[in-house]
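my_file_6.csv follows (CSV, C-alpha atoms and all ligand atoms):
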chain,number,residue,atom,x,y,z
A,110,MET,CA,0.0,0.0,0.0
A,111,SER,CA,1.5,3.4,-0.9
A,112,ILE,CA,0.5,6.3,1.3
A,113,GLU,CA,0.9,10.0,1.3
A,114,ILE,CA,1.2,12.2,4.4
A,115,GLU,CA,0.6,15.9,4.4
A,116,ILE,CA,0.2,18.5,7.1
A,117,LEU,CA,-2.5,21.1,6.3
A,118,THR,CA,-3.7,24.2,8.1
A,119,GLY,CA,-6.6,23.4,10.4
A,120,GLY,CA,-9.9,25.1,11.1
A,121,ALA,CA,-13.3,23.5,10.8
A,122,ALA,CA,-13.0,19.8,9.7
A,123,PRO,CA,-13.1,19.6,5.9
A,124,PRO,CA,-15.6,17.1,4.4
A,125,ALA,CA,-13.2,14.2,4.1
A,126,VAL,CA,-12.2,14.6,7.8
A,127,ALA,CA,-15.8,14.9,8.9
A,128,GLN,CA,-16.6,11.8,6.9
A,129,LEU,CA,-13.8,9.8,8.6
A,130,PHE,CA,-15.0,11.0,12.0
A,131,ASP,CA,-18.6,10.0,11.3
A,132,LEU,CA,-17.3,6.5,10.3
A,133,VAL,CA,-15.1,6.2,13.4
A,134,TRP,CA,-17.5,7.8,15.9
A,135,PRO,CA,-21.0,7.5,14.5
A,136,ASP,CA,-23.7,9.5,16.3
A,137,ASP,CA,-25.1,6.5,18.2
A,138,VAL,CA,-21.6,5.6,19.4
A,139,LEU,CA,-20.7,9.2,20.2
A,140,ARG,CA,-23.9,9.6,22.3
A,141,GLN,CA,-22.7,6.8,24.6
A,142,LEU,CA,-19.2,8.2,25.1
A,143,PRO,CA,-18.4,10.1,28.3
A,144,TRP,CA,-17.1,13.0,26.1
A,145,GLY,CA,-19.9,12.8,23.5
A,146,HIS,CA,-21.4,16.1,24.7
A,147,ILE,CA,-18.1,18.0,25.0
A,148,VAL,CA,-17.4,21.0,22.7
A,149,PHE,CA,-13.9,20.6,21.3
A,150,ALA,CA,-11.6,23.2,19.7
A,151,ASP,CA,-10.8,23.0,15.9
A,152,ALA,CA,-7.4,21.8,15.1
A,153,ASP,CA,-4.7,24.3,14.1
A,154,LEU,CA,-3.0,21.8,11.8
A,155,ARG,CA,-4.0,18.4,10.5
A,156,VAL,CA,-1.9,15.4,9.7
A,157,LEU,CA,-3.6,13.6,6.9
A,158,VAL,CA,-2.7,10.2,5.6
A,159,GLU,CA,-4.1,9.2,2.2
A,160,SER,CA,-4.0,6.0,0.3
A,161,ASP,CA,-5.2,6.2,-3.3
A,162,GLU,CA,-6.5,9.7,-2.6
A,163,GLN,CA,-8.7,8.3,0.2
A,164,LEU,CA,-8.3,9.8,3.7
A,165,VAL,CA,-7.3,6.8,5.9
A,166,CYS,CA,-5.9,8.5,9.0
A,167,HIS,CA,-6.1,11.8,10.7
A,168,VAL,CA,-4.3,13.5,13.6
A,169,GLY,CA,-5.1,17.1,14.7
A,170,ILE,CA,-2.5,19.4,16.2
A,171,PHE,CA,-3.4,22.2,18.6
A,172,ARG,CA,-1.2,25.0,19.8
A,173,ARG,CA,-2.2,26.4,23.2
A,174,ASP,CA,-0.8,28.6,25.9
A,175,VAL,CA,-2.0,26.7,29.0
A,176,THR,CA,-1.3,27.2,32.7
A,177,TRP,CA,0.2,24.6,34.9
A,178,ASN,CA,-0.2,25.4,38.6
A,179,GLY,CA,-0.7,29.0,37.5
A,180,ARG,CA,2.5,29.1,35.4
A,181,LYS,CA,2.2,29.7,31.6
A,182,LEU,CA,3.5,26.8,29.4
A,183,ARG,CA,3.1,26.2,25.7
A,184,ALA,CA,1.2,22.9,25.1
A,185,GLY,CA,1.1,21.1,21.8
A,186,GLY,CA,-2.2,19.3,21.7
A,187,ILE,CA,-2.9,16.1,19.8
A,188,GLY,CA,-6.5,15.1,19.1
A,189,GLY,CA,-8.9,13.5,16.7
A,190,VAL,CA,-6.6,10.5,16.2
A,191,ALA,CA,-8.5,8.2,13.9
A,192,THR,CA,-7.8,5.5,11.4
A,193,HIS,CA,-10.3,4.2,8.9
A,194,PRO,CA,-11.6,0.9,10.3
A,195,ASP,CA,-10.4,-1.0,7.1
A,196,PHE,CA,-6.8,0.4,7.4
A,197,ARG,CA,-6.1,-0.3,11.1
A,198,GLY,CA,-3.0,-2.2,12.4
A,199,ARG,CA,-0.8,-1.0,9.5
A,200,GLY,CA,1.1,1.6,11.5
A,201,LEU,CA,-0.8,4.6,10.1
A,202,ALA,CA,-1.7,6.2,13.4
A,203,SER,CA,1.8,5.7,14.6
A,204,VAL,CA,3.2,7.4,11.5
A,205,ALA,CA,0.7,10.3,11.8
A,206,LEU,CA,1.4,10.6,15.5
A,207,ASN,CA,5.1,10.8,14.9
A,208,ALA,CA,4.7,13.4,12.3
A,209,ALA,CA,2.5,15.5,14.7
A,210,VAL,CA,5.0,15.2,17.5
A,211,GLN,CA,7.9,16.0,15.2
A,212,THR,CA,6.0,19.1,14.0
A,213,LEU,CA,5.6,20.3,17.6
A,214,LYS,CA,9.3,19.6,18.3
A,215,ASP,CA,10.3,21.6,15.3
A,216,GLU,CA,8.3,24.5,16.6
A,217,ARG,CA,10.7,24.6,19.5
A,218,ALA,CA,8.5,26.9,21.6
A,219,THR,CA,6.4,23.9,22.7
A,220,ASP,CA,7.1,22.7,26.2
A,221,PHE,CA,5.1,19.4,26.1
A,222,ALA,CA,2.5,17.6,24.1
A,223,LEU,CA,-0.8,16.7,25.6
A,224,LEU,CA,-3.6,14.5,24.5
A,225,PHE,CA,-6.8,13.1,25.9
A,226,CYS,CA,-7.9,9.5,25.3
A,227,ASP,CA,-10.4,6.8,26.3
A,228,PRO,CA,-9.0,4.4,29.0
A,229,HIS,CA,-8.8,1.5,26.4
A,230,ASN,CA,-6.3,3.5,24.3
A,231,GLU,CA,-4.0,4.3,27.2
A,232,ALA,CA,-1.7,1.3,26.4
A,233,PHE,CA,-1.5,2.4,22.7
A,234,TYR,CA,-0.1,5.8,23.7
A,235,ALA,CA,2.0,4.5,26.6
A,236,SER,CA,3.8,2.1,24.3
A,237,ARG,CA,4.6,5.2,22.2
A,238,GLY,CA,6.3,7.2,25.0
A,239,TRP,CA,3.2,9.0,26.4
A,240,LYS,CA,2.8,9.2,30.2
A,241,ARG,CA,-0.4,9.7,32.3
A,242,PHE,CA,-0.9,13.2,33.7
A,243,MET,CA,-2.1,12.4,37.2
A,244,GLY,CA,-3.4,15.9,38.1
A,245,GLU,CA,-6.5,17.9,37.3
A,246,VAL,CA,-7.4,19.5,33.9
A,247,TRP,CA,-9.7,22.4,33.5
A,248,ALA,CA,-11.1,23.7,30.3
A,249,GLU,CA,-13.7,26.1,28.9
A,250,GLN,CA,-17.1,25.0,27.7
A,251,PRO,CA,-19.9,27.2,26.4
A,252,GLY,CA,-21.4,27.3,29.9
A,253,GLY,CA,-18.1,28.3,31.6
A,254,ARG,CA,-14.9,26.8,33.1
A,255,VAL,CA,-15.3,23.1,33.9
A,256,ARG,CA,-13.2,20.2,35.2
A,257,PHE,CA,-12.3,18.2,32.1
A,258,ASP,CA,-12.2,14.6,33.3
A,259,ALA,CA,-14.2,12.7,30.7
A,260,MET,CA,-10.9,11.4,29.2
A,261,LEU,CA,-7.5,10.5,30.4
A,262,PRO,CA,-4.8,13.2,30.0
A,263,MET,CA,-1.5,12.0,28.7
A,264,VAL,CA,1.7,14.0,28.2
A,265,PHE,CA,4.8,13.6,26.0
A,266,HIS,CA,8.0,15.2,27.1
A,267,LEU,CA,9.4,17.8,24.7
A,268,LYS,CA,11.3,20.4,26.8
A,269,ARG,CA,9.5,19.4,30.0
A,270,ALA,CA,6.3,17.6,30.9
A,271,PRO,CA,4.2,18.2,34.0
A,272,HIS,CA,2.9,15.0,35.6
A,273,GLU,CA,0.7,16.3,38.4
A,274,GLY,CA,-0.8,19.5,39.6
A,275,GLU,CA,-3.4,21.5,37.7
A,276,ILE,CA,-3.5,22.3,34.0
A,277,ASP,CA,-5.9,24.9,32.8
A,278,LEU,CA,-6.3,24.6,29.0
A,279,CYS,CA,-7.4,28.3,28.9
A,280,GLY,CA,-9.9,27.4,26.1
A,281,LEU,CA,-11.8,24.6,24.7
A,282,PRO,CA,-10.4,21.1,25.0
A,283,TRP,CA,-9.2,19.0,22.1
A,301,LIG,C1,-6.4,3.8,18.0
A,301,LIG,C2,-6.3,3.9,16.5
A,301,LIG,C3,-6.1,5.4,16.1
A,301,LIG,C4,-5.0,3.1,16.1
A,301,LIG,O1,-4.8,3.3,14.7
A,301,LIG,P1,-3.9,2.3,13.8
A,301,LIG,O2,-3.6,3.0,12.5
A,301,LIG,O3,-4.5,1.0,13.7
A,301,LIG,O4,-2.6,2.3,14.7
A,301,LIG,P2,-1.2,1.6,14.3
A,301,LIG,O5,-1.4,0.7,13.2
A,301,LIG,O6,-0.2,2.7,14.2
A,301,LIG,O7,-0.8,0.9,15.6
A,301,LIG,C5,-1.5,-0.3,15.8
A,301,LIG,C6,-0.8,-0.9,17.0
A,301,LIG,O8,-1.3,-0.4,18.2
A,301,LIG,C7,-2.0,-1.4,18.9
A,301,LIG,N1,-3.2,-0.9,19.4
A,301,LIG,C8,-4.2,-0.4,18.7
A,301,LIG,N2,-5.2,0.0,19.6
A,301,LIG,C9,-4.7,-0.2,20.8
A,301,LIG,C10,-5.2,-0.1,22.1
A,301,LIG,N3,-6.4,0.5,22.4
A,301,LIG,N4,-4.4,-0.5,23.2
A,301,LIG,C11,-3.2,-1.0,22.9
A,301,LIG,N5,-2.7,-1.2,21.7
A,301,LIG,C12,-3.4,-0.8,20.7
A,301,LIG,C13,-2.2,-2.5,17.8
A,301,LIG,O9,-2.3,-3.8,18.5
A,301,LIG,C14,-1.0,-2.4,17.0
A,301,LIG,O10,0.1,-3.0,17.7
A,301,LIG,P3,1.4,-3.4,16.9
A,301,LIG,O11,2.0,-2.2,16.3
A,301,LIG,O12,2.3,-4.0,18.0
A,301,LIG,O13,1.0,-4.4,15.9
A,301,LIG,C15,-7.5,3.2,15.8
A,301,LIG,O14,-7.7,2.0,16.3
A,301,LIG,C16,-8.7,4.0,15.8
A,301,LIG,O15,-9.0,4.9,14.9
A,301,LIG,N6,-9.6,3.8,16.8
A,301,LIG,C17,-10.9,4.4,17.0
A,301,LIG,C18,-10.7,5.9,17.3
A,301,LIG,C19,-9.9,6.1,18.6
A,301,LIG,O16,-10.1,5.5,19.6
A,301,LIG,N7,-8.9,7.0,18.5
A,301,LIG,C20,-8.0,7.4,19.5
A,301,LIG,C21,-8.6,8.6,20.2
A,301,LIG,S1,-7.6,9.1,21.5

Go ahead and express the file in the form of structure tokens.
Amino acid sequence: MSIEIEILTGGAAPPAVAQLFDLVWPDDVLRQLPWGHIVFADADLRVLVESDEQLVCHVGIFRRDVTWNGRKLRAGGIGGVATHPDFRGRGLASVALNAAVQTLKDERATDFALLFCDPHNEAFYASRGWKRFMGEVWAEQPGGRVRFDAMLPMVFHLKRAPHEGEIDLCGLPW
């Protein structure tokens, strides 16, 4: 299988990405998830993996000045990690994730990468160098500031990585 990887400017999900998300998280599945009702930020960049011009894997990249115990840090967010069900287990998410982390590393200003996942995916990220953040995460939602605990926070060390304490995302989660 030959694949192409590109990194595009983000914003609202383009139709191919929305279609992939609908396939991976159909409405009836989404409604059952603890984060199904959460309002998420739009990605700043998107890693797209295509095979025969079909989108088969997506990773969103988010840049955000957050606070950790009141101190400003630059987080590089990773979100919307999804591989088309027919293309799983071929290393596509790993390739896209590596490209996303490398992009954040290249930007140099990013202190650490941060993602949120369902408990069953913790092992997938742990085996790729991500560590659990054991503290509290706060985020904005349309109704105001809320504790964001519907998913597990995981961090990846770039220049540093907090492991406990309080992170305020200072905006919508991803
Ligand atoms: C999780 C997901 C993105 C992985 O995509 P993928 O392209 O199949 O991933 P890769 O092929 O790069 O990696 C697959 C490897 O991870 C392992 N893996 C996949 N899901 C795993 C999980 N939940 N826990 C532990 N290992 C997992 C596979 O066994 C495989 O291992 P191997 O490399 O030793 O063979 C894909 O299953 C998916 O889209 N799931 C639904 C959406 C989702 O949960 N996204 C994550 C949101 S945080």

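Taking all atoms listed in the file into account, ligand LIG 301 (chain A) has within 7 Å the residues A:Val133, A:Cys166, A:Gly188, A:Gly189, A:Val190, A:Ala191, A:Thr192, A:His193, A:Pro194, A:Phe196, A:Arg197, A:Gly198, A:Arg199, A:Gly200, A:Leu201, A:Ala202, A:Ser203, A:Val204, A:Phe225, A:Cys226, A:Asp227, A:His229, A:Asn230, A:Glu231, A:Ala232, A:Phe233.
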
What is the distance between CA of Ser236 in chain A and CA of His146 in chain A, in Å to one decimal? 28.8 Å

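Between Ile276 in chain A and the candidates A:Ala184, A:Glu162, A:Ala259, A:Ala205, the tightest atom-to-atom separation, counting all atoms listed in the file, involves A:Ala184.
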
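For Gln163 in chain A, the residues within 10 Å (counting all atoms listed in the file, excluding itself and residues fewer than 5 positions away along the chain) are Ile112, Glu113, Ala125, Leu129, Leu157, Val158 and His193 of chain A.
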
Pick out the residues sitting within 10 Å of Val175 in chain A, and hand them over as a list in words; count all atoms listed in the file, and ignore anything fewer than 6 positions along from it in its own chain. Lys181, Leu182, Arg183, Ala184, Gly185, Trp247, Ala248, Ile276, Asp277, Leu278, Cys279 and Gly280 of chain A

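Using all atoms listed in the file, the set of residues no farther than 6 Å from the position (-9.1, 14.8, 12.5) comprises Val126, His167, Val168, Gly169 and Gly189 of chain A.
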
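Non-sequential neighbours of Leu223 in chain A (distance at most 7 Å, separation of 6 or more positions within a chain, all atoms listed in the file) are A:Ala184, A:Gly185, A:Gly186, A:Ile187, A:Pro262, A:Met263, A:Val264, A:Phe265.
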
Written selection (C-alpha atoms) as a short mmCIF file (atom, residue, chain, number, x, y, z; two decimals), in the coordinates of the input:
data_model
loop_
_atom_site.label_atom_id
_atom_site.label_comp_id
_atom_site.auth_asym_id
_atom_site.auth_seq_id
_atom_site.Cartn_x
_atom_site.Cartn_y
_atom_site.Cartn_z
CA ALA A 184 1.20 22.90 25.10
CA GLY A 185 1.10 21.10 21.80
CA GLY A 186 -2.20 19.30 21.70
CA ILE A 187 -2.90 16.10 19.80
CA PRO A 262 -4.80 13.20 30.00
CA MET A 263 -1.50 12.00 28.70
CA VAL A 264 1.70 14.00 28.20
CA PHE A 265 4.80 13.60 26.00
#

Taking all atoms of range 136-147 of chain A that the file lists, what box with edges along x, y and z, padded by 5 Å per side, do you get, with centre and edge lengths in Å to one decimal, as lines of an AutoDock Vina configuration file?
center_x = -21.1
center_y = 11.8
center_z = 22.3
size_x = 18.0
size_y = 22.4
size_z = 22.0

Please, which residues are within 9 Å of (2.0, 18.5, 38.1) by the file's coordinates, counting only C-alpha atoms, and could they come as a PyMOL selection string? chain A and resi 177-178+242-245+270-276
